[in-house]
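Notes to accompany the following structure.
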Amino acid sequence: MAKQQIISISREYGTGGREIAQKIAQDLGLQLYDRNMLEEIAQEKNIKPEMLESVDEKPRNRLLSRRVKGHSNSMEENLAQMQFDFLRKRADSGESFVVLGRCSETVLKDREGLVSIFVVGDEETKLRHTMDKFGVSKQEAVFKCERHDRSRKRYHNYFSDFKWGDSRNYDICINSSLLGIEGTAEILEAFINKLS
């Protein structure tokens with residue numbers, strides 16, 4: 001029986017992290033879990049997927065939510081817990097997969113086959129990638145990158161026991177600006193295969 005592989009990829013906005021995750025998943029023949037897990041969760045819980053999409057990977061609003069005896073009325077927090085449970089179930093089943101974000105390096109940290117990756121990039125490269133991908137101005141790209149990274153950081157730091165992007169807590173950190181999406185995926189695949 002092949003060893004279970006779970007590849008957790010976190011990233012700064014504009015680094016091409018999603019494309020890198022897609023390439024790794026495709027090349028290694030693994031399922032990629034990202035926003036697509038919302039559809040499965042929505043179906044399982046009999047909820048409209050649109051309701052979940054609006055609060056996906058967002059930190060809870062402390063002014064509009066509260067916790068009582070371990071239960072929260074925060075949609076953001078409840079969805080995060082549903083996603084964490086989803087990932088744990090997949091890992092418990094022995095499935096190998098790639099997961100993008102969702103504090104997966106923390107949620108699955110005790111899994112033997114876990115490889116945790118953090119993708120960074122040079123500012124100019126991230127802005128150019130964002131401008132090209134969304135057809136926005138440089139000023140809009142700056143705003144978009146800063147807003148997404150701020151939100152990801154708050155989300156991660158709320159649910160994790162270490163700081164988002166702290167290289168000491170990932171197996172490998174890589175600058176995708178140096179080799180681009182294809183080259184970065186190739187280096188990461190070699191790293192992953194070396195650990196298998």
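Chain labels A, B, ... are given in the sequence in which chains occur in the structure tokens; within each chain residues are numbered consecutively from 1, and ligands are likewise numbered from 1 in the order shown.
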
Can you check which parts of segment 7-55 of chain A lie within 8 Å of segment 134-157 of chain A? Per residue, the shortest pair of atoms and distance in Å to one decimal, counting only C-alpha atoms, sorted by chain and number, as CSV.
residue,atom,partner,partner_atom,distance
A:Glu12,CA,A:Asp149,CA,6.2
A:Tyr13,CA,A:Cys145,CA,5.4
A:Gly14,CA,A:Cys145,CA,6.6

Backbone-only DSSP, helix (DSSP H, G or I) members of segment 128-183 of chain A, as a ChimeraX atom specification | /A:128-134,138-159,167-169,176-183

Shell of 6 Å around segment 27-38 of chain A, only C-alpha atoms, local chain residues under 3 positions omitted, as a PDB file with N, CA, C and O atoms, in the first residue's frame:
ATOM      1  N   LYS A  23      -1.212  22.336 -10.203  1.00  0.00           N
ATOM      2  CA  LYS A  23      -0.201  21.597 -10.979  1.00  0.00           C
ATOM      3  C   LYS A  23       0.330  20.411 -10.184  1.00  0.00           C
ATOM      4  O   LYS A  23       0.467  19.305 -10.721  1.00  0.00           O
ATOM      5  N   ILE A  24       0.616  20.617  -8.907  1.00  0.00           N
ATOM      6  CA  ILE A  24       1.129  19.532  -8.070  1.00  0.00           C
ATOM      7  C   ILE A  24       0.076  18.422  -7.968  1.00  0.00           C
ATOM      8  O   ILE A  24       0.390  17.242  -8.119  1.00  0.00           O
ATOM      9  N   ILE A  41     -19.583  20.076   1.557  1.00  0.00           N
ATOM     10  CA  ILE A  41     -20.083  20.395   2.900  1.00  0.00           C
ATOM     11  C   ILE A  41     -21.523  20.883   2.819  1.00  0.00           C
ATOM     12  O   ILE A  41     -22.375  20.477   3.609  1.00  0.00           O
ATOM     13  N   ALA A  42     -21.808  21.756   1.854  1.00  0.00           N
ATOM     14  CA  ALA A  42     -23.165  22.300   1.690  1.00  0.00           C
ATOM     15  C   ALA A  42     -24.159  21.180   1.417  1.00  0.00           C
ATOM     16  O   ALA A  42     -25.253  21.153   1.992  1.00  0.00           O
ATOM     17  N   PHE A  97      -4.067  13.748  -0.669  1.00  0.00           N
ATOM     18  CA  PHE A  97      -4.641  14.921  -1.321  1.00  0.00           C
ATOM     19  C   PHE A  97      -3.764  16.146  -1.130  1.00  0.00           C
ATOM     20  O   PHE A  97      -2.840  16.149  -0.316  1.00  0.00           O
ATOM     21  N   VAL A  98      -4.089  17.182  -1.903  1.00  0.00           N
ATOM     22  CA  VAL A  98      -3.473  18.501  -1.772  1.00  0.00           C
ATOM     23  C   VAL A  98      -4.552  19.426  -1.242  1.00  0.00           C
ATOM     24  O   VAL A  98      -5.702  19.355  -1.682  1.00  0.00           O
ATOM     25  N   VAL A  99      -4.206  20.279  -0.286  1.00  0.00           N
ATOM     26  CA  VAL A  99      -5.183  21.231   0.249  1.00  0.00           C
ATOM     27  C   VAL A  99      -4.564  22.619   0.245  1.00  0.00           C
ATOM     28  O   VAL A  99      -3.402  22.797   0.580  1.00  0.00           O
ATOM     29  N   LEU A 100      -5.366  23.581  -0.180  1.00  0.00           N
ATOM     30  CA  LEU A 100      -4.916  24.957  -0.282  1.00  0.00           C
ATOM     31  C   LEU A 100      -5.482  25.758   0.891  1.00  0.00           C
ATOM     32  O   LEU A 100      -6.702  25.890   1.031  1.00  0.00           O
TER      33      LEU A 100
END

Selected residue, from A:Cys103, A:Leu108, A:Asp122, A:Met75, that lies nearest to Leu179 of chain A when counting only C-alpha atoms | A:Asp122

Expressed in Å to a single decimal, how great is the separation between atom CA of Ser10 of chain A and atom CA of Ile117 of chain A?
-> 6.2 Å

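Nearest to Lys45 of chain A of all the residues A:Gln26, A:Gln83, A:Thr15, A:Ser8 is A:Gln83, counting only C-alpha atoms.
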
Tell me which protein, DNA and RNA residues are within 12 Å of Gly183 of chain A, counting only C-alpha atoms, leaving out same-chain ones fewer than 4 positions away, and put them as a ChimeraX atom specification.
-> /A:16,19-20,23-24,174-179,187-190

Name all residues at most 7 Å from Gln4 of chain A (count only C-alpha atoms; drop same-chain ones fewer than 5 positions away) and give them as a VMD selection string.
-> chain A and resid 94 to 96 113

Just to be explicit: take each residue in the selection above, keep all heavy atoms, and write the result as a PDB file, in the first residue's frame.
ATOM      1  N   GLY A  94      -7.469   7.702   4.927  1.00  0.00           N
ATOM      2  CA  GLY A  94      -6.256   7.252   4.244  1.00  0.00           C
ATOM      3  C   GLY A  94      -6.044   7.898   2.895  1.00  0.00           C
ATOM      4  O   GLY A  94      -5.070   7.617   2.197  1.00  0.00           O
ATOM      5  N   GLU A  95      -6.956   8.797   2.502  1.00  0.00           N
ATOM      6  CA  GLU A  95      -6.857   9.480   1.201  1.00  0.00           C
ATOM      7  C   GLU A  95      -5.614  10.368   1.154  1.00  0.00           C
ATOM      8  O   GLU A  95      -5.268  11.023   2.131  1.00  0.00           O
ATOM      9  CB  GLU A  95      -8.108  10.324   0.984  1.00  0.00           C
ATOM     10  CG  GLU A  95      -8.117  11.084  -0.330  1.00  0.00           C
ATOM     11  CD  GLU A  95      -9.342  11.983  -0.489  1.00  0.00           C
ATOM     12  OE1 GLU A  95     -10.330  11.828   0.251  1.00  0.00           O
ATOM     13  OE2 GLU A  95      -9.289  12.847  -1.377  1.00  0.00           O
ATOM     14  N   SER A  96      -4.964  10.404   0.026  1.00  0.00           N
ATOM     15  CA  SER A  96      -3.885  11.358  -0.232  1.00  0.00           C
ATOM     16  C   SER A  96      -4.481  12.524  -0.995  1.00  0.00           C
ATOM     17  O   SER A  96      -5.311  12.326  -1.886  1.00  0.00           O
ATOM     18  CB  SER A  96      -2.775  10.706  -1.059  1.00  0.00           C
ATOM     19  OG  SER A  96      -2.097   9.722  -0.296  1.00  0.00           O
ATOM     20  N   GLY A 113       2.088  11.666   6.871  1.00  0.00           N
ATOM     21  CA  GLY A 113       2.392  11.982   5.483  1.00  0.00           C
ATOM     22  C   GLY A 113       2.257  13.444   5.107  1.00  0.00           C
ATOM     23  O   GLY A 113       2.283  13.787   3.925  1.00  0.00           O
TER      24      GLY A 113
END

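Each of A:Glu105, A:Glu40, A:Asp92, A:Glu124 was checked against Lys163 of chain A using only C-alpha atoms; the smallest atom-to-atom distance is that of A:Glu105.
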
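Minimum atom-to-atom distances from A:Val115, A:Phe86, A:Gly17, A:Glu39 to Tyr170 of chain A were compared using only C-alpha atoms, and the lowest value belongs to A:Val115.
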
Which residue, A:Met82, A:Ile181, A:Met131, A:Ala25, has the smallest gap to Ile6 of chain A when you use only C-alpha atoms?
-> A:Ala25

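For the residues A:Asn78, A:Thr184, A:Ser160, A:Asn46, ranking by smallest atom-to-atom distance to Val120 of chain A using only C-alpha atoms places A:Thr184 first.
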